[in-house]
Structure formats: structure tokens, C-alpha cells
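Structure below is model.txt: compact mmCIF, N, CA and C atoms.
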# COMPACT_ATOMS: atom_id res chain seq x y z
N MET J 4 -8.38 -57.68 8.87
CA MET J 4 -8.65 -58.55 9.99
C MET J 4 -8.57 -57.72 11.27
N ASP J 5 -9.54 -57.91 12.14
CA ASP J 5 -9.57 -57.16 13.40
C ASP J 5 -8.84 -57.93 14.49
N LEU J 6 -8.73 -57.36 15.67
CA LEU J 6 -7.99 -57.98 16.77
C LEU J 6 -8.67 -59.26 17.27
N LYS J 7 -9.98 -59.27 17.27
CA LYS J 7 -10.73 -60.45 17.73
C LYS J 7 -10.45 -61.64 16.80
N GLY J 8 -10.47 -61.38 15.48
CA GLY J 8 -10.18 -62.44 14.51
C GLY J 8 -8.76 -62.95 14.66
N LEU J 9 -7.82 -62.03 14.91
CA LEU J 9 -6.43 -62.42 15.12
C LEU J 9 -6.29 -63.30 16.36
N GLU J 10 -6.95 -62.90 17.43
CA GLU J 10 -6.91 -63.67 18.68
C GLU J 10 -7.49 -65.08 18.48
N ASN J 11 -8.61 -65.19 17.79
CA ASN J 11 -9.22 -66.50 17.52
C ASN J 11 -8.29 -67.38 16.69
N ALA J 12 -7.65 -66.77 15.68
CA ALA J 12 -6.74 -67.56 14.83
C ALA J 12 -5.56 -68.06 15.63
N LEU J 13 -5.03 -67.22 16.52
CA LEU J 13 -3.88 -67.64 17.32
C LEU J 13 -4.25 -68.72 18.33
N ASN J 14 -5.46 -68.65 18.86
CA ASN J 14 -5.88 -69.63 19.88
C ASN J 14 -6.39 -70.93 19.27
N ASN J 15 -7.07 -70.86 18.12
CA ASN J 15 -7.77 -72.03 17.60
C ASN J 15 -7.24 -72.54 16.27
N GLY J 16 -6.49 -71.75 15.55
CA GLY J 16 -6.11 -72.14 14.19
C GLY J 16 -4.86 -72.98 14.13
N ASP J 17 -4.59 -73.48 12.91
CA ASP J 17 -3.35 -74.21 12.71
C ASP J 17 -2.19 -73.24 12.56
N PHE J 18 -1.01 -73.79 12.48
CA PHE J 18 0.20 -72.96 12.48
C PHE J 18 0.23 -72.01 11.29
N LYS J 19 -0.15 -72.49 10.12
CA LYS J 19 -0.13 -71.67 8.91
C LYS J 19 -1.08 -70.49 9.05
N GLU J 20 -2.28 -70.78 9.55
CA GLU J 20 -3.27 -69.70 9.75
C GLU J 20 -2.74 -68.70 10.77
N GLN J 21 -2.09 -69.19 11.82
CA GLN J 21 -1.54 -68.30 12.84
C GLN J 21 -0.47 -67.37 12.25
N VAL J 22 0.40 -67.93 11.41
CA VAL J 22 1.47 -67.13 10.78
C VAL J 22 0.86 -66.08 9.87
N TYR J 23 -0.09 -66.49 9.02
CA TYR J 23 -0.72 -65.53 8.12
C TYR J 23 -1.46 -64.44 8.89
N SER J 24 -2.16 -64.85 9.92
CA SER J 24 -2.90 -63.86 10.73
C SER J 24 -1.93 -62.92 11.43
N SER J 25 -0.83 -63.46 11.92
CA SER J 25 0.17 -62.61 12.58
C SER J 25 0.76 -61.62 11.58
N LEU J 26 1.08 -62.13 10.39
CA LEU J 26 1.62 -61.23 9.35
C LEU J 26 0.61 -60.15 8.98
N GLU J 27 -0.66 -60.55 8.89
CA GLU J 27 -1.72 -59.57 8.60
C GLU J 27 -1.77 -58.52 9.71
N GLY J 28 -1.65 -58.96 10.97
CA GLY J 28 -1.65 -58.02 12.10
C GLY J 28 -0.46 -57.08 12.05
N VAL J 29 0.73 -57.64 11.73
CA VAL J 29 1.94 -56.80 11.61
C VAL J 29 1.75 -55.79 10.49
N TYR J 30 1.15 -56.25 9.38
CA TYR J 30 0.89 -55.35 8.25
C TYR J 30 -0.03 -54.20 8.67
N GLN J 31 -1.10 -54.54 9.40
CA GLN J 31 -2.05 -53.51 9.85
C GLN J 31 -1.35 -52.52 10.79
N ILE J 32 -0.53 -53.06 11.71
CA ILE J 32 0.20 -52.19 12.64
C ILE J 32 1.15 -51.28 11.86
N SER J 33 1.82 -51.84 10.86
CA SER J 33 2.73 -51.07 10.02
C SER J 33 2.00 -49.94 9.30
N LYS J 34 0.80 -50.25 8.78
CA LYS J 34 0.00 -49.22 8.11
C LYS J 34 -0.33 -48.08 9.07
N VAL J 35 -0.73 -48.43 10.29
CA VAL J 35 -1.07 -47.41 11.29
C VAL J 35 0.15 -46.55 11.61
N LEU J 36 1.31 -47.23 11.78
CA LEU J 36 2.54 -46.47 12.07
C LEU J 36 2.92 -45.55 10.91
N ASN J 37 2.75 -46.04 9.69
CA ASN J 37 3.02 -45.19 8.52
C ASN J 37 2.09 -43.98 8.50
N GLN J 38 0.84 -44.21 8.85
CA GLN J 38 -0.10 -43.09 8.90
C GLN J 38 0.32 -42.08 9.95
N LEU J 39 0.81 -42.59 11.09
CA LEU J 39 1.28 -41.68 12.15
C LEU J 39 2.48 -40.87 11.66
N ASP J 40 3.42 -41.53 10.94
CA ASP J 40 4.55 -40.80 10.37
C ASP J 40 4.07 -39.76 9.37
N LEU J 41 3.09 -40.16 8.56
CA LEU J 41 2.53 -39.23 7.59
C LEU J 41 1.89 -38.04 8.29
N LEU J 42 1.15 -38.32 9.38
CA LEU J 42 0.54 -37.24 10.15
C LEU J 42 1.61 -36.36 10.78
N LYS J 43 2.70 -36.99 11.24
CA LYS J 43 3.80 -36.20 11.81
C LYS J 43 4.37 -35.29 10.73
N ASN J 44 4.56 -35.86 9.52
CA ASN J 44 5.07 -35.04 8.42
C ASN J 44 4.10 -33.91 8.09
N PHE J 45 2.80 -34.21 8.15
CA PHE J 45 1.82 -33.16 7.93
C PHE J 45 1.94 -32.10 9.01
N SER J 46 2.15 -32.54 10.24
CA SER J 46 2.29 -31.58 11.34
C SER J 46 3.51 -30.70 11.12
N ASP J 47 4.63 -31.31 10.72
CA ASP J 47 5.83 -30.52 10.43
C ASP J 47 5.55 -29.53 9.29
N HIS J 48 4.86 -30.03 8.27
CA HIS J 48 4.52 -29.17 7.13
C HIS J 48 3.58 -28.04 7.59
N ASP J 49 2.61 -28.41 8.44
CA ASP J 49 1.69 -27.39 8.97
C ASP J 49 2.45 -26.34 9.76
N LEU J 50 3.43 -26.78 10.55
CA LEU J 50 4.23 -25.82 11.33
C LEU J 50 5.01 -24.89 10.41
N GLU J 51 5.54 -25.44 9.32
CA GLU J 51 6.24 -24.60 8.34
C GLU J 51 5.28 -23.57 7.73
N ILE J 52 4.09 -24.04 7.39
CA ILE J 52 3.09 -23.13 6.81
C ILE J 52 2.71 -22.06 7.81
N ILE J 53 2.50 -22.46 9.07
CA ILE J 53 2.15 -21.49 10.11
C ILE J 53 3.26 -20.46 10.27
N ALA J 54 4.52 -20.92 10.26
CA ALA J 54 5.65 -20.00 10.38
C ALA J 54 5.68 -19.03 9.20
N LYS J 55 5.42 -19.54 8.00
CA LYS J 55 5.40 -18.66 6.83
C LYS J 55 4.26 -17.66 6.91
N VAL J 56 3.10 -18.12 7.36
CA VAL J 56 1.95 -17.20 7.52
C VAL J 56 2.28 -16.12 8.53
N GLU J 57 2.92 -16.49 9.64
CA GLU J 57 3.30 -15.51 10.65
C GLU J 57 4.31 -14.51 10.08
N ALA J 58 5.26 -15.01 9.29
CA ALA J 58 6.24 -14.11 8.66
C ALA J 58 5.54 -13.15 7.71
N ILE J 59 4.58 -13.66 6.97
CA ILE J 59 3.82 -12.79 6.06
C ILE J 59 3.03 -11.76 6.84
N LYS J 60 2.41 -12.18 7.95
CA LYS J 60 1.66 -11.23 8.79
C LYS J 60 2.57 -10.15 9.34
N ASP J 61 3.77 -10.55 9.79
CA ASP J 61 4.73 -9.57 10.31
C ASP J 61 5.14 -8.59 9.22
N ALA J 62 5.42 -9.13 8.03
CA ALA J 62 5.80 -8.26 6.91
C ALA J 62 4.66 -7.32 6.56
N LEU J 63 3.44 -7.84 6.57
CA LEU J 63 2.27 -7.02 6.28
C LEU J 63 2.11 -5.91 7.30
N ALA J 64 2.33 -6.23 8.57
CA ALA J 64 2.25 -5.21 9.62
C ALA J 64 3.30 -4.13 9.37
N GLY J 65 4.49 -4.54 8.97
CA GLY J 65 5.54 -3.57 8.63
C GLY J 65 5.13 -2.70 7.46
N TYR J 66 4.52 -3.32 6.45
CA TYR J 66 4.06 -2.56 5.29
C TYR J 66 2.96 -1.58 5.68
N GLU J 67 2.07 -2.01 6.58
CA GLU J 67 0.99 -1.12 7.02
C GLU J 67 1.56 0.09 7.77
N ILE J 68 2.59 -0.14 8.59
CA ILE J 68 3.24 0.97 9.28
C ILE J 68 3.88 1.91 8.26
N SER J 69 4.57 1.34 7.28
CA SER J 69 5.19 2.15 6.23
C SER J 69 4.13 2.93 5.45
N GLU J 70 3.00 2.28 5.19
CA GLU J 70 1.91 2.94 4.47
C GLU J 70 1.41 4.15 5.27
N GLN J 71 1.24 3.97 6.57
CA GLN J 71 0.77 5.08 7.42
C GLN J 71 1.79 6.21 7.43
N GLU J 72 3.08 5.86 7.50
CA GLU J 72 4.12 6.88 7.48
C GLU J 72 4.09 7.64 6.16
N LEU J 73 3.94 6.90 5.06
CA LEU J 73 3.87 7.55 3.75
C LEU J 73 2.64 8.44 3.63
N LYS J 74 1.51 7.97 4.14
CA LYS J 74 0.30 8.80 4.10
C LYS J 74 0.50 10.09 4.88
N THR J 75 1.16 9.99 6.04
CA THR J 75 1.44 11.18 6.85
C THR J 75 2.35 12.13 6.08
N GLN J 76 3.39 11.59 5.45
CA GLN J 76 4.31 12.42 4.68
C GLN J 76 3.60 13.06 3.49
N ILE J 77 2.75 12.31 2.83
CA ILE J 77 2.01 12.84 1.68
C ILE J 77 1.06 13.95 2.13
N SER J 78 0.39 13.74 3.25
CA SER J 78 -0.51 14.77 3.77
C SER J 78 0.26 16.05 4.10
N ALA J 79 1.43 15.89 4.72
CA ALA J 79 2.27 17.06 5.03
C ALA J 79 2.72 17.75 3.76
N LEU J 80 3.08 16.98 2.74
CA LEU J 80 3.50 17.55 1.46
C LEU J 80 2.35 18.29 0.80
N VAL J 81 1.16 17.70 0.82
CA VAL J 81 -0.02 18.35 0.22
C VAL J 81 -0.31 19.67 0.94
N ALA J 82 -0.24 19.65 2.27
CA ALA J 82 -0.49 20.88 3.04
C ALA J 82 0.57 21.93 2.72
N SER J 83 1.81 21.51 2.60
CA SER J 83 2.90 22.43 2.27
C SER J 83 2.71 23.02 0.88
N LEU J 84 2.34 22.17 -0.07
CA LEU J 84 2.11 22.64 -1.44
C LEU J 84 0.93 23.61 -1.50
N GLU J 85 -0.11 23.33 -0.75
CA GLU J 85 -1.28 24.22 -0.72
C GLU J 85 -0.89 25.57 -0.14
N ALA J 86 -0.11 25.57 0.94
CA ALA J 86 0.34 26.83 1.55
C ALA J 86 1.21 27.60 0.57
N LYS J 87 2.11 26.91 -0.12
CA LYS J 87 2.99 27.56 -1.10
C LYS J 87 2.16 28.12 -2.25
N LYS J 88 1.15 27.38 -2.68
CA LYS J 88 0.27 27.84 -3.77
C LYS J 88 -0.43 29.12 -3.36
N GLN J 89 -0.98 29.14 -2.14
CA GLN J 89 -1.67 30.35 -1.68
C GLN J 89 -0.71 31.52 -1.56
N GLU J 90 0.50 31.25 -1.08
CA GLU J 90 1.51 32.30 -0.96
C GLU J 90 1.86 32.86 -2.34
N LEU J 91 2.05 31.98 -3.31
CA LEU J 91 2.39 32.42 -4.66
C LEU J 91 1.23 33.17 -5.31
N GLU J 92 0.00 32.71 -5.10
CA GLU J 92 -1.17 33.42 -5.64
C GLU J 92 -1.27 34.82 -5.05
N ALA J 93 -1.05 34.94 -3.74
CA ALA J 93 -1.11 36.25 -3.09
C ALA J 93 -0.03 37.16 -3.64
N ARG J 94 1.19 36.61 -3.78
CA ARG J 94 2.30 37.42 -4.32
C ARG J 94 2.01 37.83 -5.76
N LEU J 95 1.51 36.91 -6.56
CA LEU J 95 1.19 37.21 -7.95
C LEU J 95 0.11 38.27 -8.04
N ASN J 96 -0.94 38.14 -7.23
CA ASN J 96 -2.00 39.15 -7.22
C ASN J 96 -1.47 40.51 -6.81
N MET J 97 -0.58 40.55 -5.81
CA MET J 97 0.00 41.81 -5.35
C MET J 97 0.85 42.44 -6.45
N GLU J 98 1.70 41.62 -7.09
CA GLU J 98 2.54 42.15 -8.17
C GLU J 98 1.70 42.57 -9.36
N LEU J 99 0.65 41.83 -9.66
CA LEU J 99 -0.24 42.19 -10.76
C LEU J 99 -0.94 43.51 -10.46
N GLN J 100 -1.42 43.67 -9.23
CA GLN J 100 -2.07 44.92 -8.83
C GLN J 100 -1.08 46.08 -8.89
N SER J 101 0.15 45.84 -8.45
CA SER J 101 1.19 46.88 -8.50
C SER J 101 1.49 47.26 -9.94
N ALA J 102 1.62 46.28 -10.81
CA ALA J 102 1.90 46.56 -12.23
C ALA J 102 0.72 47.29 -12.86
N LEU J 103 -0.50 46.89 -12.51
CA LEU J 103 -1.70 47.55 -13.04
C LEU J 103 -1.74 49.01 -12.60
N THR J 104 -1.45 49.25 -11.32
CA THR J 104 -1.44 50.62 -10.80
C THR J 104 -0.37 51.44 -11.49
N SER J 105 0.82 50.86 -11.64
CA SER J 105 1.93 51.56 -12.28
C SER J 105 1.59 51.90 -13.74
N GLU J 106 1.06 50.94 -14.46
CA GLU J 106 0.71 51.18 -15.86
C GLU J 106 -0.44 52.18 -15.98
N THR J 107 -1.38 52.13 -15.05
CA THR J 107 -2.48 53.11 -15.06
C THR J 107 -1.93 54.51 -14.84
N GLN J 108 -1.00 54.65 -13.90
CA GLN J 108 -0.39 55.95 -13.66
C GLN J 108 0.38 56.43 -14.88
N LYS J 109 1.13 55.54 -15.52
CA LYS J 109 1.88 55.92 -16.72
C LYS J 109 0.93 56.37 -17.82
N LEU J 110 -0.17 55.61 -18.01
CA LEU J 110 -1.13 55.99 -19.05
C LEU J 110 -1.81 57.32 -18.72
N THR J 111 -2.14 57.51 -17.43
CA THR J 111 -2.76 58.77 -17.02
C THR J 111 -1.81 59.93 -17.27
N GLN J 112 -0.54 59.74 -16.91
CA GLN J 112 0.46 60.78 -17.11
C GLN J 112 0.66 61.03 -18.60
N ALA J 113 0.76 59.97 -19.40
CA ALA J 113 0.94 60.13 -20.84
C ALA J 113 -0.28 60.83 -21.43
N GLY J 114 -1.48 60.46 -20.93
CA GLY J 114 -2.69 61.12 -21.42
C GLY J 114 -2.70 62.60 -21.06
N SER J 115 -2.27 62.92 -19.86
CA SER J 115 -2.21 64.33 -19.44
C SER J 115 -1.22 65.10 -20.29
N GLU J 116 -0.05 64.52 -20.54
CA GLU J 116 0.96 65.19 -21.36
C GLU J 116 0.45 65.36 -22.78
N LEU J 117 -0.20 64.33 -23.30
CA LEU J 117 -0.76 64.44 -24.66
C LEU J 117 -1.83 65.51 -24.72
N LYS J 118 -2.64 65.56 -23.67
CA LYS J 118 -3.70 66.58 -23.59
C LYS J 118 -3.08 67.97 -23.58
N LYS J 119 -2.04 68.17 -22.74
CA LYS J 119 -1.37 69.47 -22.68
C LYS J 119 -0.76 69.82 -24.02
N GLN J 120 -0.13 68.84 -24.64
CA GLN J 120 0.51 69.08 -25.93
C GLN J 120 -0.53 69.46 -26.98
N LEU J 121 -1.66 68.75 -26.98
CA LEU J 121 -2.72 69.07 -27.95
C LEU J 121 -3.30 70.46 -27.69
N ILE J 122 -3.47 70.79 -26.41
CA ILE J 122 -3.99 72.12 -26.08
C ILE J 122 -3.01 73.18 -26.55
N ASN J 123 -1.72 72.95 -26.31
CA ASN J 123 -0.71 73.92 -26.76
C ASN J 123 -0.72 74.05 -28.27
N GLU J 124 -0.80 72.93 -28.96
CA GLU J 124 -0.80 72.99 -30.42
C GLU J 124 -2.06 73.66 -30.94
N LEU J 125 -3.20 73.37 -30.30
CA LEU J 125 -4.45 74.03 -30.73
C LEU J 125 -4.38 75.53 -30.44
N THR J 126 -3.80 75.86 -29.30
CA THR J 126 -3.66 77.28 -28.96
C THR J 126 -2.75 77.96 -29.96
N GLN J 127 -1.66 77.35 -30.32
CA GLN J 127 -0.74 77.94 -31.29
C GLN J 127 -1.40 78.04 -32.66
N ALA J 128 -2.17 77.01 -33.01
CA ALA J 128 -2.83 77.04 -34.31
C ALA J 128 -3.89 78.12 -34.32
N LYS J 129 -4.54 78.34 -33.21
CA LYS J 129 -5.57 79.35 -33.11
C LYS J 129 -4.93 80.74 -33.18
N ASP J 130 -3.78 80.90 -32.56
CA ASP J 130 -3.10 82.18 -32.53
C ASP J 130 -2.46 82.49 -33.88
N THR J 131 -2.19 81.62 -34.66
CA THR J 131 -1.59 81.94 -35.94
C THR J 131 -2.55 82.20 -37.01
When written as C-alpha cells, how does the structure in this file appear?
Amino acid sequence: MDLKGLENALNNGDFKEQVYSSLEGVYQISKVLNQLDLLKNFSDHDLEIIAKVEAIKDALAGYEISEQELKTQISALVASLEAKKQELEARLNMELQSALTSETQKLTQAGSELKKQLINELTQAKDT
């Protein structure tokens, strides 16, 4: 029942119709008020959701900062490891070259001594 119908019933109707129409109007008003309370509850719920979303955004921003810090640390570690790798490769190559030179000298010296010994033995064998 709308307001116009309620007004007509109150002005023109009998007492019973007026009471029923009034009760119908009170019922309609009550429904509207309940809807307003429901909307208020939705608003409170919405505010809770908004607060949670903001908290999640703040946490996410913190995680993004942590991620950037970790990426920086990882990049520094990778650069450090690469420098250490190059240093170790250079040292290994130097030590390998040194060992190769040393062994070459030993073999050359051993070959020379063997050559001298063979020449001496051949000379002695020839002289006898």
C-alpha cells in the first residue's frame, strides 16, 4: 500500500480499515528501517573489507621492498661469485703454467742427463 492509499483509508474508511492500513504503513516503515540497518551492516562490513584490503596492500608493499632488497643482495652475491671465479681461474692457470714449466724443465734436464749417460756408455762401449 502506498502513502496515497493510506491517506484515503484514514480520511474515508471505517475504523477497521484505518487500523489495518495504519498497521500496513507501520509494517512498510519497519521494512524500510530494517533495510537501512542492513545497509548500515553492509557498510560496516565494507569498511572491514576495505581495512583488510589496505592491510594486504601494505603487507604487499613491504614484501615488494623485501623482494627488491633480496634482488640487490643476490646481484651482489652473483657479482662477488663471478669475481671469485675469475680470480680462481687466473690462479689455477698460473699454477698450471708454473707446474707445466717446472715439469718441462725436469724432463729436459732428465733427457739431457740420459743423453749424456748414453753418450758416455756408447763411448765406453766403442773404446772397449
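Of note, atom N of J:Val29 and atom C of J:Gly8 are spaced 11.3 Å apart.
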Could you produce a table of the residues of stretch 49-128 of chain J lying within 8 Å of stretch 30-45 of chain J, with the nearest pair of atoms per residue and their separation in Å rounded to one decimal, using all atoms listed in the file, ordered by chain and increasing residue number, as a tab-separated table?
residue	atom	partner	partner_atom	distance
J:Asp49	N	J:Phe45	C	3.8
J:Leu50	N	J:Phe45	C	5.7
J:Glu51	N	J:Phe45	C	7.6
Can you work out the spacing between atom C of J:Asp130 and atom CA of J:Gly114 in Å, to one decimal?
->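 Computing the Euclidean distance for atom C of J:Asp130 and atom CA of J:Gly114 yields 24.7 Å.
One distance worth recording is that between atom CA of J:Asn11 and atom N of J:Tyr23, which is 12.5 Å.
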